[in-house]
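Colleague: Next comes protein33.txt, compact mmCIF, C-alpha atoms:
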# COMPACT_ATOMS: atom_id res chain seq x y z
CA MET A 1 100.24 92.99 93.06
CA ALA A 2 98.81 95.24 90.31
CA ASN A 3 100.82 93.48 87.60
CA ASP A 4 99.78 90.06 88.95
CA SER A 5 96.13 91.12 88.89
CA ARG A 6 96.36 92.35 85.29
CA ASN A 7 98.04 89.12 84.22
CA ILE A 8 95.37 87.01 85.92
CA ARG A 9 92.60 89.04 84.34
CA GLN A 10 94.21 88.69 80.92
CA ARG A 11 94.35 84.90 81.34
CA VAL A 12 90.66 84.87 82.28
CA ILE A 13 89.73 86.99 79.26
CA ASN A 14 91.85 84.92 76.91
CA ARG A 15 90.30 81.72 78.23
CA GLN A 16 86.62 82.63 78.16
CA GLY A 17 85.92 86.26 77.33
CA ALA A 18 83.97 88.47 79.75
CA ILE A 19 82.80 86.95 83.02
CA GLU A 20 79.06 86.49 82.54
CA SER A 21 78.36 83.86 85.20
CA TYR A 22 79.70 83.27 88.70
CA ALA A 23 79.08 80.63 91.37
CA ALA A 24 80.29 80.89 94.97
CA ILE A 25 80.87 77.77 97.07
CA GLY A 26 81.90 77.55 100.71
CA ASP A 27 80.69 77.98 104.28
CA SER A 28 79.33 80.85 106.42
CA PHE A 29 81.98 83.27 105.16
CA THR A 30 80.77 82.92 101.58
CA GLU A 31 77.10 82.64 102.54
CA GLY A 32 77.51 86.10 104.06
CA VAL A 33 76.89 85.53 107.78
CA GLY A 34 77.39 88.80 109.64
CA ASP A 35 76.08 90.93 106.77
CA LEU A 36 72.32 90.96 107.25
CA GLY A 37 70.29 92.56 104.47
CA PRO A 38 67.09 94.59 104.89
CA ASP A 39 64.96 91.56 103.96
CA GLY A 40 66.46 89.44 106.75
CA THR A 41 68.73 87.34 104.50
CA PHE A 42 72.51 87.45 104.50
CA VAL A 43 74.28 89.42 101.79
CA GLY A 44 78.03 88.96 102.15
CA TRP A 45 81.15 89.52 100.10
CA ALA A 46 80.23 87.07 97.31
CA ASP A 47 76.91 88.80 96.62
CA ARG A 48 78.67 92.18 96.62
CA PHE A 49 81.42 90.83 94.37
CA ALA A 50 78.77 89.52 91.96
CA VAL A 51 77.39 93.05 91.61
CA ILE A 52 80.85 94.35 90.72
CA LEU A 53 81.24 91.61 88.11
CA ALA A 54 77.83 92.38 86.63
CA ASP A 55 78.72 96.06 86.38
CA GLN A 56 81.71 95.17 84.16
CA LEU A 57 79.39 94.00 81.40
CA PRO A 58 77.97 96.46 78.87
CA ASP A 59 74.31 97.28 79.28
CA PRO A 60 72.02 95.44 76.81
CA GLU A 61 71.31 98.50 74.65
CA THR A 62 75.03 99.23 74.20
CA ALA A 63 75.74 95.58 73.39
CA LEU A 64 72.96 95.43 70.79
CA ARG A 65 74.44 98.45 68.99
CA ASP A 66 77.73 96.53 68.75
CA ALA A 67 77.24 94.24 65.74
CA GLY A 68 79.99 91.91 66.87
CA SER A 69 78.63 91.06 70.31
CA ALA A 70 75.65 89.37 71.91
CA HIS A 71 74.90 90.35 75.49
CA ARG A 72 73.56 87.88 78.04
CA ASN A 73 72.42 88.90 81.51
CA PHE A 74 74.99 88.27 84.19
CA ARG A 75 74.01 85.20 86.24
CA TYR A 76 75.01 84.33 89.78
CA ALA A 77 74.62 81.38 92.17
CA ASN A 78 75.63 81.16 95.82
CA LEU A 79 75.78 77.54 97.00
CA ALA A 80 77.52 78.22 100.32
CA VAL A 81 76.00 77.03 103.60
CA ARG A 82 77.19 78.00 107.07
CA GLY A 83 78.98 75.41 109.18
CA ARG A 84 79.93 73.17 106.27
CA LEU A 85 83.16 71.16 106.48
CA LEU A 86 85.36 70.63 103.43
CA ASP A 87 84.07 67.13 102.67
CA GLN A 88 80.47 68.35 102.88
CA ILE A 89 81.23 71.20 100.48
CA VAL A 90 82.92 68.78 98.08
CA GLU A 91 79.97 66.38 98.26
CA GLU A 92 77.14 68.91 98.10
CA GLN A 93 78.40 72.00 96.30
CA VAL A 94 81.27 71.05 93.99
CA PRO A 95 79.13 68.73 91.81
CA ARG A 96 76.48 71.43 91.51
CA ALA A 97 79.09 74.02 90.55
CA ARG A 98 80.46 71.65 87.91
CA GLU A 99 76.95 71.10 86.59
CA LEU A 100 76.31 74.85 86.35
CA ALA A 101 79.74 75.33 84.67
CA PRO A 102 79.98 79.10 85.21
CA ASP A 103 82.74 81.31 83.91
CA LEU A 104 84.04 81.83 87.45
CA VAL A 105 83.84 79.89 90.73
CA SER A 106 85.10 81.14 94.08
CA PHE A 107 86.13 78.25 96.32
CA CYS A 108 86.62 78.89 100.02
CA ALA A 109 86.63 75.77 102.19
CA GLY A 110 88.54 74.06 104.96
CA GLY A 111 88.30 76.79 107.58
CA ASN A 112 85.80 74.89 109.73
CA ASP A 113 88.01 71.81 109.49
CA ILE A 114 91.15 73.69 110.54
CA ILE A 115 89.61 75.10 113.74
CA ARG A 116 88.55 71.64 114.91
CA PRO A 117 90.88 70.01 117.44
CA GLY A 118 93.19 67.36 116.04
CA THR A 119 92.79 68.18 112.36
CA ASP A 120 95.88 68.14 110.16
CA PRO A 121 96.20 71.11 107.74
CA ASP A 122 98.31 68.96 105.39
CA ASP A 123 95.51 66.40 105.12
CA VAL A 124 92.84 69.08 104.65
CA ALA A 125 94.96 70.66 101.90
CA GLU A 126 95.26 67.35 100.03
CA ARG A 127 91.48 67.02 99.95
CA PHE A 128 91.12 70.66 98.96
CA GLU A 129 93.48 70.13 96.03
CA ARG A 130 91.49 67.18 94.72
CA ALA A 131 88.39 69.39 94.67
CA VAL A 132 90.25 72.17 92.86
CA ALA A 133 91.37 69.64 90.24
CA GLU A 134 87.74 68.56 89.71
CA LEU A 135 86.49 72.12 89.41
CA THR A 136 89.13 73.24 86.93
CA GLU A 137 87.98 70.50 84.57
CA SER A 138 84.46 71.96 84.31
CA VAL A 139 84.44 75.71 84.96
CA GLY A 140 86.17 78.67 83.37
CA THR A 141 88.25 79.93 86.30
CA VAL A 142 88.52 78.87 89.94
CA MET A 143 89.44 81.58 92.44
CA VAL A 144 90.65 80.12 95.74
CA THR A 145 90.63 81.90 99.09
CA THR A 146 93.21 81.85 101.88
CA GLY A 147 92.51 82.09 105.60
CA PHE A 148 92.55 85.29 107.64
CA ASP A 149 95.44 86.22 109.90
CA THR A 150 93.76 85.51 113.25
CA ARG A 151 96.25 87.19 115.57
CA GLY A 152 93.56 89.62 116.73
CA VAL A 153 90.66 87.14 116.97
CA PRO A 154 90.28 85.96 120.60
CA VAL A 155 88.81 82.53 119.83
CA LEU A 156 91.19 81.73 116.99
CA ARG A 157 94.50 83.45 117.70
CA HIS A 158 95.99 80.26 119.18
CA LEU A 159 95.33 78.55 115.82
CA ARG A 160 97.28 81.12 113.84
CA GLY A 161 100.15 78.75 113.00
CA LYS A 162 97.77 76.04 111.82
CA ILE A 163 95.83 78.50 109.66
CA ALA A 164 99.08 79.88 108.22
CA THR A 165 100.16 76.37 107.22
CA TYR A 166 96.87 75.76 105.43
CA THR A 167 97.10 79.16 103.76
CA ALA A 168 100.56 78.31 102.41
CA HIS A 169 99.13 75.09 100.97
CA VAL A 170 96.27 76.96 99.30
CA ARG A 171 98.70 79.35 97.62
CA SER A 172 100.80 76.42 96.37
CA ILE A 173 97.70 74.68 95.00
CA ALA A 174 96.72 77.90 93.24
CA ASP A 175 100.13 78.03 91.56
CA ARG A 176 99.80 74.45 90.34
CA TYR A 177 96.33 74.99 88.85
CA ASP A 178 96.77 78.59 87.67
CA CYS A 179 94.07 79.89 90.02
CA PRO A 180 93.61 83.52 91.11
CA VAL A 181 94.06 83.86 94.88
CA LEU A 182 91.83 85.95 97.12
CA ASP A 183 94.50 86.44 99.78
CA LEU A 184 92.72 87.40 102.99
CA TRP A 185 95.84 86.94 105.12
CA SER A 186 97.40 90.05 103.55
CA LEU A 187 94.23 92.17 103.80
CA ARG A 188 95.33 94.42 106.65
CA SER A 189 92.06 96.31 107.00
CA VAL A 190 90.24 93.27 108.38
CA GLN A 191 92.56 93.28 111.38
CA ASP A 192 90.42 96.12 112.73
CA ARG A 193 87.70 95.13 115.18
CA ARG A 194 85.13 97.02 113.10
CA ALA A 195 85.60 94.54 110.26
CA TRP A 196 84.03 91.81 112.41
CA ASP A 197 80.52 91.08 113.58
CA GLY A 198 79.54 90.91 117.23
CA ASP A 199 80.31 87.17 117.36
CA ARG A 200 83.98 87.93 116.45
CA LEU A 201 83.93 84.95 114.08
CA HIS A 202 82.22 86.47 111.03
CA LEU A 203 82.77 89.68 109.12
CA SER A 204 80.64 92.78 109.54
CA PRO A 205 78.95 94.38 106.50
CA GLU A 206 81.98 96.67 106.08
CA GLY A 207 84.32 93.70 106.39
CA HIS A 208 82.40 91.81 103.70
CA THR A 209 82.50 94.90 101.49
CA ARG A 210 86.27 95.13 101.76
CA VAL A 211 86.67 91.46 100.83
CA ALA A 212 84.43 91.96 97.78
CA LEU A 213 86.59 94.87 96.66
CA ARG A 214 89.75 92.80 97.12
CA ALA A 215 88.22 89.93 95.10
CA ALA A 216 87.57 92.35 92.24
CA GLN A 217 91.12 93.65 92.50
CA VAL A 218 92.45 90.10 92.21
CA LEU A 219 90.86 89.90 88.74
CA GLY A 220 92.27 93.30 87.82
CA LEU A 221 88.89 95.03 87.85
CA ASP A 222 88.44 98.68 88.68
CA VAL A 223 86.96 99.20 92.15
CA PRO A 224 85.32 102.30 93.66
CA ALA A 225 87.40 102.20 96.86
CA ASP A 226 90.61 100.74 98.26
CA PRO A 227 89.77 97.69 100.41
CA ASP A 228 92.84 98.39 102.55
CA GLN A 229 92.07 102.04 103.20
CA GLU A 230 92.50 103.07 106.81
CA TRP A 231 89.54 103.13 109.16
CA PRO A 232 88.45 106.46 110.69
CA PRO A 233 89.98 107.30 114.08
CA GLN A 234 88.18 105.73 117.01
CA ALA A 235 88.04 106.76 120.64
CA GLN A 236 90.01 104.48 122.94
CA ARG A 237 87.82 102.33 125.17
CA GLY A 238 88.35 101.99 128.87
CA THR A 239 89.29 98.76 130.65
CA LEU A 240 85.85 98.38 132.26
CA GLU A 241 84.05 98.82 128.94
CA VAL A 242 86.28 96.21 127.28
CA ARG A 243 85.67 93.77 130.13
CA ARG A 244 81.89 94.20 129.92
CA ASP A 245 82.05 93.69 126.16
CA ASN A 246 84.08 90.49 126.60
CA ILE A 247 81.65 89.12 129.17
CA HIS A 248 78.68 89.86 126.91
CA TRP A 249 80.43 88.23 123.95
CA ALA A 250 81.27 85.09 125.94
CA ARG A 251 77.69 84.73 127.15
CA GLU A 252 75.99 85.47 123.83
CA TYR A 253 78.36 83.80 121.37
CA LEU A 254 81.21 81.76 122.84
CA VAL A 255 79.18 79.55 125.19
CA PRO A 256 76.56 78.64 122.52
CA TRP A 257 79.35 77.98 120.00
CA ILE A 258 81.11 75.60 122.40
CA GLY A 259 77.77 73.95 123.20
CA ARG A 260 77.10 73.20 119.54
CA ARG A 261 80.56 71.66 119.19
CA LEU A 262 80.01 69.43 122.22
CA ARG A 263 76.61 68.30 120.93
CA GLY A 264 77.92 67.66 117.43
CA GLU A 265 75.57 70.26 115.99
CA SER A 266 76.20 72.77 113.22
CA SER A 267 74.79 76.23 112.66
CA GLY A 268 74.03 75.04 109.13
CA ASP A 269 71.83 72.11 110.11
CA HIS A 270 68.58 72.35 108.08
CA VAL A 271 69.94 75.35 106.12
CA GLU A 272 69.90 75.26 102.32
CA ALA A 273 71.83 77.29 99.77
CA LYS A 274 70.28 80.72 99.37
CA ARG A 275 70.82 80.87 95.60
CA PRO A 276 71.20 77.34 94.16
CA ASP A 277 70.78 78.29 90.49
CA LEU A 278 72.53 80.69 88.14
CA LEU A 279 70.04 83.54 88.09
CA PRO A 280 70.22 87.12 86.81
CA LEU A 281 70.91 89.71 89.48
Would you mind writing the file's structure down as structure tokens?

Modeller:
Amino acid sequence: MANDSRNIRQRVINRQGAIESYAAIGDSFTEGVGDLGPDGTFVGWADRFAVILADQLPDPETALRDAGSAHRNFRYANLAVRGRLLDQIVEEQVPRARELAPDLVSFCAGGNDIIRPGTDPDDVAERFERAVAELTESVGTVMVTTGFDTRGVPVLRHLRGKIATYTAHVRSIADRYDCPVLDLWSLRSVQDRRAWDGDRLHLSPEGHTRVALRAAQVLGLDVPADPDQEWPPQAQRGTLEVRRDNIHWAREYLVPWIGRRLRGESSGDHVEAKRPDLLPL
């Protein structure tokens, strides 16, 4: 993996120089749901990854002393909106990302399609590939994201085979278009319950942090911690405590989630992108 990361980073550097601008497109995962900041807005892995990218650039004073370089502030946009399906992301976010033309785009989409009954992962992958082809024409580098291994997620474990099929497609598409792959399926640390929010569908702040670290690793960047480091030991919970927790989760999260599906509603209705322009951090 280390050699692959170095090779990918070298291709990025050869193609465009340092990464000075980054746009994230996707759904709730990329918006940062589950990682609530002190100001009441979601943070998430993409925001945290943007900070790591910005830290790779020299500070302005150092750059000005270097006669051969001109430093620009790192700029970041997050176009992701919770609940969005692939076609909505392609219609709403991909054109904006192409217009912004950043050095790097992270593209995570299709997850909400895959968990819907009756959807075909082969069909979703074909539409995903068309969007990747469009993006690679306009931006420096497109980093694609696989699905999580959902064997430990109560609501989604029965969809594991379907998600695995889509993940295999995403990796194949990445090979064809020379895209770095943020492989979440292989990120073992997010199999721990503590990596997930109370709704069991979105990552916790620590889970988002680990994904951000893995994204940086994919580009061969130095990171302050190993995203796959083991979690601290945890006391084993009793059967009664687990049952109470499951009942609370079903009442607070599962029933409303099913209700929205039955009513044709989305958690992202009337929600706009939190950072629609490339702005300095």

Colleague: Take CA of Arg82 (chain A) and CA of Ser266 (chain A) and report the distance between them in Å, one decimal.

Modeller: 8.1 Å

Colleague: Have a look at A:His202, A:Arg98, A:Arg243, A:Arg194 and name the one nearest to Glu137 (chain A); count all atoms listed in the file.

Modeller: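 The shortest atom-to-atom distance to Glu137 (chain A) comes from A:Arg98.
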
Colleague: Identify, on the basis of all atoms listed in the file, every residue whose closest approach to Pro276 (chain A) does not exceed 8 Å; exclude the query and any residue fewer than 3 positions from it along the same chain; express the result as a ChimeraX atom specification.

Modeller: /A:77-79,273

Colleague: In Å to one decimal, how far is CA of Gly161 (chain A) from CA of Leu135 (chain A)?

Modeller: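 Taking CA of Leu135 (chain A) as the start and CA of Gly161 (chain A) as the end point, the length is 28.1 Å.
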
Colleague: Looking at A:Val181, A:Pro224, A:Gly34, A:Ala50, which one is nearest to Trp196 (chain A), with distances taken over only C-alpha atoms?

Modeller: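 Among the listed residues, the smallest separation from Trp196 (chain A) belongs to A:Gly34.
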